[in-house]
Every structure is written in structure tokens, then in C-alpha cells.
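Student: Below is coords_18.cif; it holds mmCIF, C-alpha atoms and all ligand atoms.
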```cif
data_query
loop_
_atom_site.label_atom_id
_atom_site.label_comp_id
_atom_site.auth_asym_id
_atom_site.auth_seq_id
_atom_site.Cartn_x
_atom_site.Cartn_y
_atom_site.Cartn_z
CA MET A 212 123.30 94.35 16.60
CA LYS A 213 124.96 96.25 19.45
CA LYS A 214 126.73 99.28 17.99
CA ILE A 215 124.50 102.21 17.07
CA ALA A 216 125.09 105.73 15.81
CA VAL A 217 122.51 108.50 16.12
CA ILE A 218 122.93 111.54 13.87
CA GLY A 219 121.58 114.76 15.43
CA ALA A 220 121.44 115.60 19.15
CA GLY A 221 118.17 117.59 19.05
CA THR A 222 114.90 116.59 20.76
CA MET A 223 114.41 113.36 18.80
CA GLY A 224 118.11 112.44 18.47
CA ASN A 225 118.87 112.72 22.16
CA GLY A 226 115.71 110.74 23.02
CA ILE A 227 116.70 107.98 20.58
CA ALA A 228 120.27 107.86 21.95
CA HIS A 229 118.81 107.74 25.48
CA VAL A 230 116.64 104.65 24.86
CA PHE A 231 119.26 102.70 22.88
CA ALA A 232 121.86 103.33 25.63
CA GLN A 233 119.33 102.54 28.38
CA PHE A 234 118.67 99.15 26.78
CA GLY A 235 122.36 98.19 26.55
CA TYR A 236 123.45 99.43 23.11
CA ASP A 237 126.76 101.18 22.59
CA VAL A 238 125.79 104.61 21.15
CA ASN A 239 127.79 107.17 19.17
CA LEU A 240 125.81 110.43 19.25
CA ILE A 241 126.94 112.62 16.34
CA ASP A 242 126.22 116.28 15.63
CA ILE A 243 128.12 118.97 13.73
CA SER A 244 127.99 121.24 16.77
CA GLN A 245 129.68 120.41 20.09
CA ALA A 246 127.26 122.82 21.81
CA SER A 247 124.27 120.76 20.52
CA LEU A 248 125.94 117.56 21.75
CA ASP A 249 126.45 119.11 25.20
CA ARG A 250 122.80 120.24 25.29
CA GLY A 251 121.64 116.80 24.11
CA LEU A 252 123.65 115.04 26.81
CA ALA A 253 122.31 117.47 29.45
CA THR A 254 118.74 116.64 28.35
CA ILE A 255 119.44 112.90 28.50
CA THR A 256 120.87 113.32 32.03
CA LYS A 257 117.79 115.34 33.12
CA ASN A 258 115.40 112.73 31.68
CA LEU A 259 117.37 109.88 33.32
CA ASP A 260 117.16 111.78 36.64
CA ARG A 261 113.38 111.95 36.15
CA GLN A 262 113.28 108.17 35.58
CA VAL A 263 115.40 107.62 38.72
CA SER A 264 113.16 109.85 40.85
CA LYS A 265 110.07 107.95 39.54
CA GLU A 266 111.89 104.69 40.44
CA LYS A 267 111.71 103.45 36.84
CA ILE A 268 115.49 102.91 36.81
CA SER A 269 118.23 102.86 39.46
CA GLU A 270 121.07 105.36 39.93
CA ALA A 271 123.43 102.61 38.65
CA ASP A 272 121.28 102.22 35.48
CA LYS A 273 121.58 105.97 34.92
CA THR A 274 125.38 105.87 35.24
CA SER A 275 125.78 102.87 32.95
CA THR A 276 123.41 104.43 30.37
CA LEU A 277 125.52 107.59 30.28
CA THR A 278 128.79 105.66 29.99
CA ARG A 279 127.43 103.90 26.88
CA ILE A 280 126.97 107.24 25.04
CA LYS A 281 129.96 108.76 23.26
CA THR A 282 129.61 112.16 21.55
CA LEU A 283 131.39 112.98 18.27
CA THR A 284 131.37 115.82 15.74
CA ASP A 285 132.84 113.71 12.91
CA LEU A 286 130.29 111.59 11.03
CA SER A 287 132.78 109.39 9.16
CA SER A 288 134.54 108.11 12.29
CA GLY A 289 131.24 107.95 14.20
CA VAL A 290 129.61 105.47 11.79
CA LYS A 291 132.61 103.44 10.63
CA ASP A 292 132.16 100.40 12.92
CA ARG A 293 128.37 100.62 13.49
CA ASP A 294 125.64 98.01 12.90
CA LEU A 295 122.82 100.57 12.70
CA VAL A 296 122.68 104.32 12.13
CA VAL A 297 119.55 106.31 13.04
CA GLU A 298 119.49 109.69 11.34
CA ALA A 299 117.56 112.35 13.29
CA ALA A 300 118.89 115.56 11.76
CA THR A 301 116.78 118.58 10.77
CA GLU A 302 113.77 117.71 8.60
CA ASN A 303 115.22 118.99 5.33
CA ILE A 304 115.37 116.75 2.25
CA ASP A 305 118.64 118.14 0.82
CA LEU A 306 120.38 117.81 4.19
CA LYS A 307 119.10 114.24 4.65
CA LEU A 308 120.20 113.18 1.16
CA LYS A 309 123.67 114.60 1.84
CA ILE A 310 123.90 112.83 5.22
CA PHE A 311 122.75 109.51 3.72
CA LYS A 312 125.41 109.72 0.97
CA GLN A 313 128.04 110.26 3.70
CA MET A 314 126.64 107.47 5.87
CA ASP A 315 126.62 105.12 2.87
CA GLU A 316 130.24 105.96 2.11
CA HIS A 317 131.60 105.49 5.64
CA ALA A 318 129.40 102.87 7.37
CA PRO A 319 130.37 99.17 6.97
CA ALA A 320 128.59 97.14 4.29
CA HIS A 321 126.36 95.26 6.77
CA CYS A 322 125.16 98.45 8.50
CA ILE A 323 121.45 99.34 8.30
CA LEU A 324 120.78 103.01 7.59
CA SER A 325 117.57 104.32 9.14
CA THR A 326 115.90 107.71 9.39
CA ASN A 327 113.57 109.22 11.96
CA THR A 328 111.94 111.40 9.29
CA SER A 329 108.30 112.19 10.00
CA SER A 330 107.37 112.83 6.37
CA ILE A 331 110.16 112.52 3.79
CA SER A 332 109.95 109.53 1.41
CA ILE A 333 112.11 106.60 2.56
CA THR A 334 112.27 105.41 -1.06
CA LYS A 335 113.76 108.75 -2.12
CA ILE A 336 116.33 108.74 0.71
CA ALA A 337 117.22 105.10 -0.08
CA ALA A 338 117.77 105.96 -3.75
CA ALA A 339 120.62 108.30 -2.73
CA THR A 340 122.56 105.28 -1.36
CA SER A 341 124.16 102.17 -2.86
CA ARG A 342 122.19 99.92 -0.44
CA PRO A 343 118.47 100.83 -0.78
CA GLU A 344 117.44 97.39 0.56
CA GLN A 345 119.17 98.33 3.86
CA VAL A 346 117.43 101.71 4.26
CA ILE A 347 114.33 101.97 6.47
CA GLY A 348 112.27 104.49 8.47
CA MET A 349 112.31 104.36 12.28
CA HIS A 350 109.81 107.05 13.26
CA PHE A 351 110.00 107.50 17.03
CA MET A 352 107.43 109.67 18.82
CA ASN A 353 108.19 112.54 21.20
CA PRO A 354 109.01 112.20 24.11
CA VAL A 355 110.98 109.16 22.94
CA PRO A 356 111.69 107.64 26.40
CA VAL A 357 107.92 107.59 27.13
CA MET A 358 106.06 106.89 23.88
CA LYS A 359 105.65 103.20 23.04
CA LEU A 360 105.26 103.48 19.28
CA VAL A 361 107.94 103.22 16.64
CA GLU A 362 106.48 103.50 13.14
CA ILE A 363 108.67 101.28 10.94
CA ILE A 364 108.48 102.44 7.33
CA ARG A 365 109.51 100.13 4.52
CA GLY A 366 110.82 101.90 1.45
CA TYR A 367 110.08 100.43 -1.98
CA ALA A 368 113.33 98.40 -1.89
CA THR A 369 113.64 97.65 1.86
CA SER A 370 114.25 93.91 2.36
CA ASP A 371 112.18 91.60 4.59
CA GLU A 372 115.29 90.69 6.56
CA VAL A 373 116.15 94.33 7.34
CA THR A 374 112.52 95.02 8.32
CA GLN A 375 112.49 92.06 10.72
CA THR A 376 115.85 93.08 12.23
CA ILE A 377 114.57 96.62 12.89
CA MET A 378 111.24 95.37 14.29
CA ALA A 379 113.21 93.15 16.72
CA ALA A 380 115.61 96.00 17.64
CA SER A 381 112.63 98.27 18.40
CA ARG A 382 111.08 95.58 20.64
CA SER A 383 114.41 95.27 22.46
CA LEU A 384 113.93 98.93 23.49
CA GLY A 385 110.59 98.10 25.13
CA LYS A 386 108.76 99.70 22.20
CA SER A 387 105.83 98.42 20.12
CA PRO A 388 106.85 98.77 16.47
CA VAL A 389 104.24 98.91 13.71
CA GLU A 390 105.20 98.15 10.09
CA VAL A 391 103.82 100.49 7.41
CA ASN A 392 104.50 101.26 3.77
CA ASP A 393 106.08 104.39 2.32
CA TYR A 394 103.32 106.82 1.30
CA PRO A 395 103.01 110.53 2.22
CA GLY A 396 102.77 111.03 6.00
CA PHE A 397 103.05 107.23 6.49
CA VAL A 398 100.24 106.38 8.96
CA ALA A 399 100.90 108.53 12.05
CA ASN A 400 101.06 111.91 10.39
CA ARG A 401 98.56 111.12 7.64
CA ILE A 402 95.97 110.85 10.40
CA LEU A 403 97.36 113.18 13.08
CA MET A 404 98.12 116.22 10.91
CA PRO A 405 94.69 116.53 9.21
CA MET A 406 93.18 116.35 12.73
CA ILE A 407 95.43 119.17 13.96
CA ASN A 408 94.75 121.16 10.76
CA GLU A 409 90.99 120.68 11.24
CA ALA A 410 91.30 121.94 14.83
CA ILE A 411 93.02 125.07 13.46
CA ILE A 412 90.27 125.51 10.83
CA THR A 413 87.67 125.17 13.61
CA LEU A 414 89.46 127.93 15.55
CA HIS A 415 89.91 130.08 12.42
CA GLU A 416 86.19 129.87 11.62
CA GLY A 417 85.34 130.98 15.18
CA VAL A 418 83.48 127.80 16.06
CA ALA A 419 85.22 127.77 19.46
CA GLY A 420 88.31 129.13 21.27
CA VAL A 421 91.69 127.50 21.84
CA GLU A 422 90.93 126.08 25.27
CA GLU A 423 87.43 124.94 24.27
CA ILE A 424 88.71 122.99 21.25
CA ASP A 425 91.46 121.34 23.29
CA THR A 426 89.05 120.52 26.12
CA VAL A 427 86.60 118.83 23.73
CA MET A 428 89.31 116.53 22.44
CA LYS A 429 90.89 115.89 25.86
CA LEU A 430 87.72 115.17 27.83
CA GLY A 431 85.61 113.87 24.96
CA MET A 432 88.12 111.65 23.21
CA ALA A 433 90.58 110.94 26.07
CA HIS A 434 93.53 112.47 24.21
CA PRO A 435 96.35 113.28 26.69
CA MET A 436 96.55 116.81 25.31
CA GLY A 437 94.36 118.79 22.91
CA PRO A 438 95.33 119.13 19.20
CA LEU A 439 96.27 122.84 19.48
CA GLN A 440 98.55 122.22 22.46
CA LEU A 441 100.04 119.23 20.65
CA ALA A 442 100.66 121.47 17.59
CA ASP A 443 102.55 123.88 19.89
CA PHE A 444 104.65 120.96 21.13
CA ILE A 445 105.39 119.54 17.68
CA GLY A 446 106.11 123.01 16.23
CA LEU A 447 103.74 124.82 13.89
CA ASP A 448 106.43 124.96 11.20
CA VAL A 449 106.73 121.14 11.34
CA CYS A 450 102.92 120.76 11.15
CA LEU A 451 102.79 123.09 8.13
CA SER A 452 105.62 121.30 6.37
CA ILE A 453 103.91 117.90 6.88
CA MET A 454 100.60 119.31 5.55
CA HIS A 455 102.51 120.43 2.42
CA VAL A 456 103.89 116.88 2.01
CA LEU A 457 100.33 115.45 2.21
CA TYR A 458 98.92 118.12 -0.12
CA ASP A 459 101.69 117.66 -2.70
CA GLY A 460 101.72 113.86 -2.35
CA PHE A 461 97.99 113.25 -2.71
CA GLY A 462 97.02 116.33 -4.79
CA ASN A 463 93.81 116.55 -2.81
CA GLY A 464 92.28 119.76 -1.39
CA LYS A 465 91.33 118.10 1.88
CA TYR A 466 95.01 118.35 2.88
CA ALA A 467 95.31 122.11 2.22
CA PRO A 468 96.91 123.78 5.26
CA CYS A 469 94.64 126.20 7.14
CA PRO A 470 95.48 129.85 6.27
CA LEU A 471 95.74 130.59 10.01
CA LEU A 472 98.48 127.96 10.35
CA VAL A 473 100.33 129.52 7.38
CA ASN A 474 99.99 133.02 8.92
CA MET A 475 101.19 131.95 12.35
CA VAL A 476 104.28 130.22 10.92
CA THR A 477 105.00 133.31 8.77
CA ALA A 478 104.70 135.46 11.90
CA GLY A 479 107.18 133.23 13.76
CA LYS A 480 104.56 131.85 16.19
CA LEU A 481 105.90 128.30 16.15
CA GLY A 482 104.70 127.02 19.53
CA VAL A 483 106.78 126.04 22.56
CA LYS A 484 110.14 126.53 20.79
CA SER A 485 109.42 130.19 19.91
CA GLY A 486 107.60 130.95 23.18
CA GLU A 487 104.17 131.33 21.60
CA GLY A 488 101.79 129.40 19.36
CA PHE A 489 98.18 128.74 20.23
CA TYR A 490 99.27 129.23 23.86
CA SER A 491 102.00 131.34 25.44
CA TRP A 492 104.94 129.32 26.82
CA THR A 493 107.18 132.18 27.97
CA HIS A 494 106.81 131.33 31.67
CA GLY A 495 107.59 127.66 31.13
CA THR A 496 103.97 126.58 31.45
CA LYS A 497 100.91 126.76 29.22
CA GLU A 498 99.04 130.09 29.38
CA LEU A 499 96.29 131.41 27.15
CA VAL A 500 97.52 134.16 24.82
CA VAL A 501 96.12 137.36 26.35
CA ALA A 502 94.97 138.98 23.11
CA ASP A 503 93.44 135.80 21.75
CA ASN A 504 92.45 137.19 18.37
CA PHE A 505 91.69 133.81 16.94
CA SER A 506 88.87 132.62 19.07
CA LYS A 507 85.22 133.79 19.02
N1 LIG B 601 111.83 111.41 29.49
C1 LIG B 601 111.55 110.48 30.40
N2 LIG B 601 110.35 110.40 31.03
C2 LIG B 601 109.43 111.36 30.74
C3 LIG B 601 109.68 112.39 29.80
C4 LIG B 601 110.95 112.38 29.16
N3 LIG B 601 111.27 113.29 28.22
N4 LIG B 601 108.56 113.17 29.71
C5 LIG B 601 107.65 112.66 30.54
N5 LIG B 601 108.17 111.57 31.18
C6 LIG B 601 107.48 110.66 32.09
C7 LIG B 601 107.19 111.27 33.41
O1 LIG B 601 108.25 111.07 34.32
C8 LIG B 601 105.94 110.51 33.85
O2 LIG B 601 106.29 109.25 34.36
P1 LIG B 601 105.28 108.43 35.36
O3 LIG B 601 104.10 108.02 34.53
O4 LIG B 601 106.11 107.27 35.79
O5 LIG B 601 104.96 109.39 36.45
C9 LIG B 601 105.20 110.28 32.54
O6 LIG B 601 106.18 110.39 31.51
C10 LIG B 601 104.08 111.28 32.37
O7 LIG B 601 104.66 112.60 32.43
P2 LIG B 601 104.03 113.81 33.25
O8 LIG B 601 103.23 113.30 34.40
O9 LIG B 601 105.10 114.82 33.50
O10 LIG B 601 103.11 114.58 32.23
P3 LIG B 601 101.85 114.09 31.44
O11 LIG B 601 100.94 113.25 32.24
O12 LIG B 601 101.34 115.32 30.78
O13 LIG B 601 102.42 113.15 30.30
C11 LIG B 601 103.12 113.01 28.06
C12 LIG B 601 103.40 113.62 29.41
C13 LIG B 601 103.32 111.48 28.13
C14 LIG B 601 104.15 113.58 27.10
C15 LIG B 601 101.67 113.33 27.63
O14 LIG B 601 101.44 114.71 27.76
C16 LIG B 601 101.35 112.89 26.22
O15 LIG B 601 101.07 111.75 25.96
N6 LIG B 601 101.36 113.85 25.27
C17 LIG B 601 101.13 113.60 23.86
C18 LIG B 601 102.39 113.06 23.25
C19 LIG B 601 102.23 112.83 21.78
O16 LIG B 601 101.15 112.84 21.20
N7 LIG B 601 103.37 112.57 21.11
C20 LIG B 601 103.40 112.37 19.71
C21 LIG B 601 103.72 113.67 19.05
S1 LIG B 601 103.82 113.47 17.32
C22 LIG B 601 105.38 112.95 17.05
O17 LIG B 601 106.19 112.81 17.92
C23 LIG B 601 105.77 112.58 15.70
C24 LIG B 601 105.61 113.48 14.55
O18 LIG B 601 106.04 113.08 13.50
C25 LIG B 601 105.02 114.83 14.60
#
```
What's the C-alpha cells form of this structure?
Tutor:
Amino acid sequence: MKKIAVIGAGTMGNGIAHVFAQFGYDVNLIDISQASLDRGLATITKNLDRQVSKEKISEADKTSTLTRIKTLTDLSSGVKDRDLVVEAATENIDLKLKIFKQMDEHAPAHCILSTNTSSISITKIAAATSRPEQVIGMHFMNPVPVMKLVEIIRGYATSDEVTQTIMAASRSLGKSPVEVNDYPGFVANRILMPMINEAIITLHEGVAGVEEIDTVMKLGMAHPMGPLQLADFIGLDVCLSIMHVLYDGFGNGKYAPCPLLVNMVTAGKLGVKSGEGFYSWTHGTKELVVADNFSK
């Protein structure tokens, strides 16, 4: 397996294209917008520069990585000779089903179709194709070039052979893949999101402030960043949508999203991408929100 296509040049898509190209794969990076492709390629270049300055890779590695990435706006030509497609488009079920139907139509018969979804059922996505045994989840973590985990999600029909091929491909990227089954939130978000939601409930109930909650989890549990900061990084809208998937999927009140999370998303406070969430990000670094109404 050498020829890969990545659909979507956003944060996850450009990170996935980066690692496949870095480890010798020929990558077609596909997006409907040329501007998104240009931004994605600029991010990859910046992250490769960071790896060069940290002496993780050489200048020649950077150049050869970039020459292995081709950008395209046409999905059908971008997937037609590929061995594997990794879909990393916006987390929207209707959009993903549409993209998978197109991928199924234009990719060669042997091609494995994978998705980086963080919460949508692999079994449901697979059912939209004529090759459900060749559909699988490859859930990379952000930032993709740094994080070791790839959560490999087997849909109901995914074959053993396809699972083993994707586990081996993930290892070839220097990652540590973990195989899991297809249930709401898989493993990563089934555990991570209730923790983030509980941190928001703790804040909402006035048990402690933003910085205090994050400090407890950072210094007490050795997490690299606190759950509220992590929520800002992931995007509060994404956290809310995953909580809805857990709540709907398990029909259990313990997964109900915190009303404060719902309010903040409604108010457009989405975290880093909107400039403010639990912290303010408008100056490029983390700052406490001045009128911190939530804490105390
Ligand atoms: N590309 C390449 N290298 C990068 C990078 C990027 N985008 N971002 C950071 N790095 C490198 C840095 O160069 C640095 O390398 P060295 O160790 O060689 O110096 C290293 O990563 C650490 O970076 P920094 O020193 O700048 O910053 P840090 O110590 O704060 O670490 C972090 C950054 C690794 C991202 C750390 O903050 C962290 O682990 N955060 C939590 C990440 C996390 O939980 N991700 C999962 C989110 S959930 C998800 O993705 C899935 C979902 O479905 C919601």
C-alpha cells in the first residue's frame, strides 16, 4: 500500500497527509476549496519546519515530504488509483455519507475506505458503500504529527484482513494503533468527553474556577493540559456534538451535556477557533477571560 488520498485539508486532514508523506507514501490531498488546500499545505510546511528546527527530520526530509503531496479539488480523479483513502472532512453525517458514496464509486475495487470520524458510526458509513468489509475507522489524535495513538475502529462488517492491513499501515507511520469496536464514542471519546463534561459541570456548579480545575488535572493527574483548555482546543461545538452522540447512543442521563457547554456553544464561544472558550485566545496565547462569570 503506497498510494493514499486524504479528503479534507483542515486540521486533521493536513496532519494525516503530513505523516503519510513523511513516512514515504504518495499522498493526494483533496478538498473542495483551493484556499483550504493552500492553507493546509502552509500548515504542513510550518509543522515540518518545526520538526527540522527540533532536529527530528532533515531539510532534505522536509523537501521530499512536500514533493510527495499533490493537492486536488476533484475527488473522482484524486481517488481513482489509490490503495487507501482517509476521509477527514467536516464531522457531519450527511456530508460523510455523500463523500463515501463518491469514494466507493471512483476508487478502485481493492481500495480501503477509512474515516477519521471521532464519533459517527463506522457501520452506518460502511452501509452507504458497496464494500462494507473494506470500510474502517482511523481516528488520529490532534496534533497528528505528535500524538502516537491511532484508534482503529472495526465496523460490524470490517474484515480481519482489512483491519490487519490498517494496523500495519498505522505502525509504518510510527504510530501505536489500538483496535476497538464500533460503539458510540468508540473508546477515546467515550472516556475523554464525559471527563471534559464533568469538568464543565464542576465549573458550572462553582466548585472551582477555570484555572483551578485545569491545574488539579494537570498537576494531580499529569495530564499535559487541563480538560477545559483541551475543550477549547478540540472546539466546544465538537465536544457538545460528541456528548449528543453518547447521550443518544446509550440513552443514559450520565451523558447529558452540561447546560453551560450548551450555552457557550449557542453563544459562539467555541474555544481557540472562535477566539474565546473557557480561556481567551485572541492574543495567540491562553489568557483567563477577564469577566470570568463562570467561576466562584
Ligand atoms: N506538528 C509537529 N510537531 C509538533 C506540533 C505539530 N502540529 N505541535 C507540537 N509539536 C511538537 C513540538 O515541536 C515539540 O517537540 P519536542 O518534544 O521535540 O520539543 C512537542 O511537539 C511538544 O510541543 P511544545 O513543546 O510546543 O508544547 P507542549 O509541551 O505543550 O506539547 C502537545 C504540545 C503535545 C500538543 C501537548 O500540549 C499535549 O499533549 N496536549 C494534549 C493533546 C491531546 O490531548 N490531544 C488529543 C485531543 S482529542 C482528539 O484529537 C480526538 C477527538 O476525537 C476529540
Student: Within 10 Å of ligand LIG 601 (chain B), which residues show up when you count all atoms listed in the file? List them as a VMD selection string, please.
Tutor: chain A and resid 222 to 223 225 to 226 229 to 230 254 to 267 327 to 330 350 to 362 396 to 401 403 to 404 434 to 438 440 to 442 444 to 446 449 to 450 453
Student: Once you have the residues from the selection above, write them out as a CSV table (one decimal), in the frame of the given file, restricted to C-alpha atoms.
Tutor:
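Saved result, out_10.csv, follows:
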```csv
chain,number,residue,atom,x,y,z
A,222,THR,CA,114.9,116.6,20.8
A,223,MET,CA,114.4,113.4,18.8
A,225,ASN,CA,118.9,112.7,22.2
A,226,GLY,CA,115.7,110.7,23.0
A,229,HIS,CA,118.8,107.7,25.5
A,230,VAL,CA,116.6,104.6,24.9
A,254,THR,CA,118.7,116.6,28.4
A,255,ILE,CA,119.4,112.9,28.5
A,256,THR,CA,120.9,113.3,32.0
A,257,LYS,CA,117.8,115.3,33.1
A,258,ASN,CA,115.4,112.7,31.7
A,259,LEU,CA,117.4,109.9,33.3
A,260,ASP,CA,117.2,111.8,36.6
A,261,ARG,CA,113.4,112.0,36.2
A,262,GLN,CA,113.3,108.2,35.6
A,263,VAL,CA,115.4,107.6,38.7
A,264,SER,CA,113.2,109.8,40.8
A,265,LYS,CA,110.1,108.0,39.5
A,266,GLU,CA,111.9,104.7,40.4
A,267,LYS,CA,111.7,103.4,36.8
A,327,ASN,CA,113.6,109.2,12.0
A,328,THR,CA,111.9,111.4,9.3
A,329,SER,CA,108.3,112.2,10.0
A,330,SER,CA,107.4,112.8,6.4
A,350,HIS,CA,109.8,107.0,13.3
A,351,PHE,CA,110.0,107.5,17.0
A,352,MET,CA,107.4,109.7,18.8
A,353,ASN,CA,108.2,112.5,21.2
A,354,PRO,CA,109.0,112.2,24.1
A,355,VAL,CA,111.0,109.2,22.9
A,356,PRO,CA,111.7,107.6,26.4
A,357,VAL,CA,107.9,107.6,27.1
A,358,MET,CA,106.1,106.9,23.9
A,359,LYS,CA,105.6,103.2,23.0
A,360,LEU,CA,105.3,103.5,19.3
A,361,VAL,CA,107.9,103.2,16.6
A,362,GLU,CA,106.5,103.5,13.1
A,396,GLY,CA,102.8,111.0,6.0
A,397,PHE,CA,103.0,107.2,6.5
A,398,VAL,CA,100.2,106.4,9.0
A,399,ALA,CA,100.9,108.5,12.0
A,400,ASN,CA,101.1,111.9,10.4
A,401,ARG,CA,98.6,111.1,7.6
A,403,LEU,CA,97.4,113.2,13.1
A,404,MET,CA,98.1,116.2,10.9
A,434,HIS,CA,93.5,112.5,24.2
A,435,PRO,CA,96.4,113.3,26.7
A,436,MET,CA,96.6,116.8,25.3
A,437,GLY,CA,94.4,118.8,22.9
A,438,PRO,CA,95.3,119.1,19.2
A,440,GLN,CA,98.6,122.2,22.5
A,441,LEU,CA,100.0,119.2,20.6
A,442,ALA,CA,100.7,121.5,17.6
A,444,PHE,CA,104.6,121.0,21.1
A,445,ILE,CA,105.4,119.5,17.7
A,446,GLY,CA,106.1,123.0,16.2
A,449,VAL,CA,106.7,121.1,11.3
A,450,CYS,CA,102.9,120.8,11.2
A,453,ILE,CA,103.9,117.9,6.9
```
Student: In Å, rounded to a single decimal, give me how far atom CA of Pro343 of chain A is from atom CA of Asp315 of chain A.
Tutor: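 Going from atom CA of Asp315 of chain A over to atom CA of Pro343 of chain A, I get 9.9 Å.
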Student: What is the distance between atom CA of Leu471 of chain A and atom CA of Thr413 of chain A, in Å to one decimal?
Tutor: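 So the answer is 10.4 Å.
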Student: Identify which of the residues A:Ala337, A:Ile347, A:Asp237, A:Lys213 lies closest to Gln375 of chain A, counting only C-alpha atoms when measuring atom-to-atom distances.
Tutor: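 Result for the nearest residue to Gln375 of chain A: A:Ile347.
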Student: When you draw a straight line from atom CA of Ser332 of chain A to atom CA of Met349 of chain A, how long is it in Å?
Tutor: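 Computing the Euclidean distance for atom CA of Ser332 of chain A and atom CA of Met349 of chain A yields 12.3 Å.
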Student: For a quick check of understanding, using only C-alpha atoms, which of A:Ser383, A:Thr334, A:Thr301, A:Thr326 has the smallest distance to Tyr236 of chain A?
Tutor: A:Ser383
Student: As a VMD selection string, please: the residues near Leu439 of chain A (cut-off 12 Å, only C-alpha atoms, same-chain neighbours under 6 positions excluded).
Tutor: chain A and resid 403 to 404 406 to 415 420 to 429 445 to 447 450 472 481 to 483 487 to 491 497 499
Student: Residues proximal to (124.9, 95.8, 10.2) were defined as those with any atom within 7 Å of that point in the file's coordinates, counting all atoms listed in the file. Which are they, as a PDB file with C-alpha atoms, in the coordinates of the input?
Tutor:
```pdb
ATOM      1  CA  MET A 212     123.300  94.350  16.600  1.00  0.00           C
ATOM      2  CA  ARG A 293     128.370 100.620  13.490  1.00  0.00           C
ATOM      3  CA  ASP A 294     125.640  98.010  12.900  1.00  0.00           C
ATOM      4  CA  LEU A 295     122.820 100.570  12.700  1.00  0.00           C
ATOM      5  CA  HIS A 321     126.360  95.260   6.770  1.00  0.00           C
ATOM      6  CA  CYS A 322     125.160  98.450   8.500  1.00  0.00           C
ATOM      7  CA  ILE A 323     121.450  99.340   8.300  1.00  0.00           C
TER       8      ILE A 323
END
```
Student: Could you give me, as a PDB file with C-alpha atoms, in the coordinates of the input, the residues that sit within 7 Å of (117.8, 107.0, 7.1) in the file's coordinates, counting only C-alpha atoms?
Tutor:
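Saved result, point_4.pdb, follows:
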```pdb
ATOM      1  CA  VAL A 297     119.550 106.310  13.040  1.00  0.00           C
ATOM      2  CA  GLU A 298     119.490 109.690  11.340  1.00  0.00           C
ATOM      3  CA  PHE A 311     122.750 109.510   3.720  1.00  0.00           C
ATOM      4  CA  LEU A 324     120.780 103.010   7.590  1.00  0.00           C
ATOM      5  CA  SER A 325     117.570 104.320   9.140  1.00  0.00           C
ATOM      6  CA  THR A 326     115.900 107.710   9.390  1.00  0.00           C
ATOM      7  CA  ASN A 327     113.570 109.220  11.960  1.00  0.00           C
ATOM      8  CA  ILE A 336     116.330 108.740   0.710  1.00  0.00           C
ATOM      9  CA  VAL A 346     117.430 101.710   4.260  1.00  0.00           C
ATOM     10  CA  ILE A 347     114.330 101.970   6.470  1.00  0.00           C
ATOM     11  CA  GLY A 348     112.270 104.490   8.470  1.00  0.00           C
TER      12      GLY A 348
END
```
Student: With distances taken over only C-alpha atoms, which of A:Gln233, A:Ser244, A:Asn239, A:Thr278 is nearest to Lys291 of chain A?
Tutor: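 Selected residue with least distance to Lys291 of chain A: A:Asn239.
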Student: Using all atoms listed in the file, find the one residue out of A:Phe231, A:Leu306, A:Thr340, A:Gly219 that sits nearest to Gly385 of chain A.
Tutor: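 Smallest distance to Gly385 of chain A is found for A:Phe231.
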Student: Once you add 8 Å to each side, what are the centre and edge lengths of the axis-aligned box holding all listed atoms of segment 414-431 of chain A? One decimal in Å, as lines of an AutoDock Vina configuration file, if you can.
Tutor:
```
center_x = 87.6
center_y = 122.4
center_z = 19.7
size_x = 24.2
size_y = 33.1
size_z = 32.2
```
Student: At a cut-off of 9 Å, using all atoms listed in the file, what residues contact segment 282-286 of chain A? Leave out same-chain residues fewer than 3 positions from it and give the result as a ChimeraX atom specification.
Tutor: /A:218,238-245,248-249,252,289-291,310,313-314,317
Student: Could you name the residues that touch Ser370 of chain A at 7 Å or less, counting only C-alpha atoms, but leaving out those on the same chain fewer than 4 positions away, as a list of chain:residue names?
Tutor: A:Glu344, A:Gln345, A:Thr374
Student: Write the residues of the selection above to a file with C-alpha atoms, as a PDB file, keeping the file's coordinate frame.
Tutor:
```pdb
ATOM      1  CA  GLU A 344     117.440  97.390   0.560  1.00  0.00           C
ATOM      2  CA  GLN A 345     119.170  98.330   3.860  1.00  0.00           C
ATOM      3  CA  THR A 374     112.520  95.020   8.320  1.00  0.00           C
TER       4      THR A 374
END
```
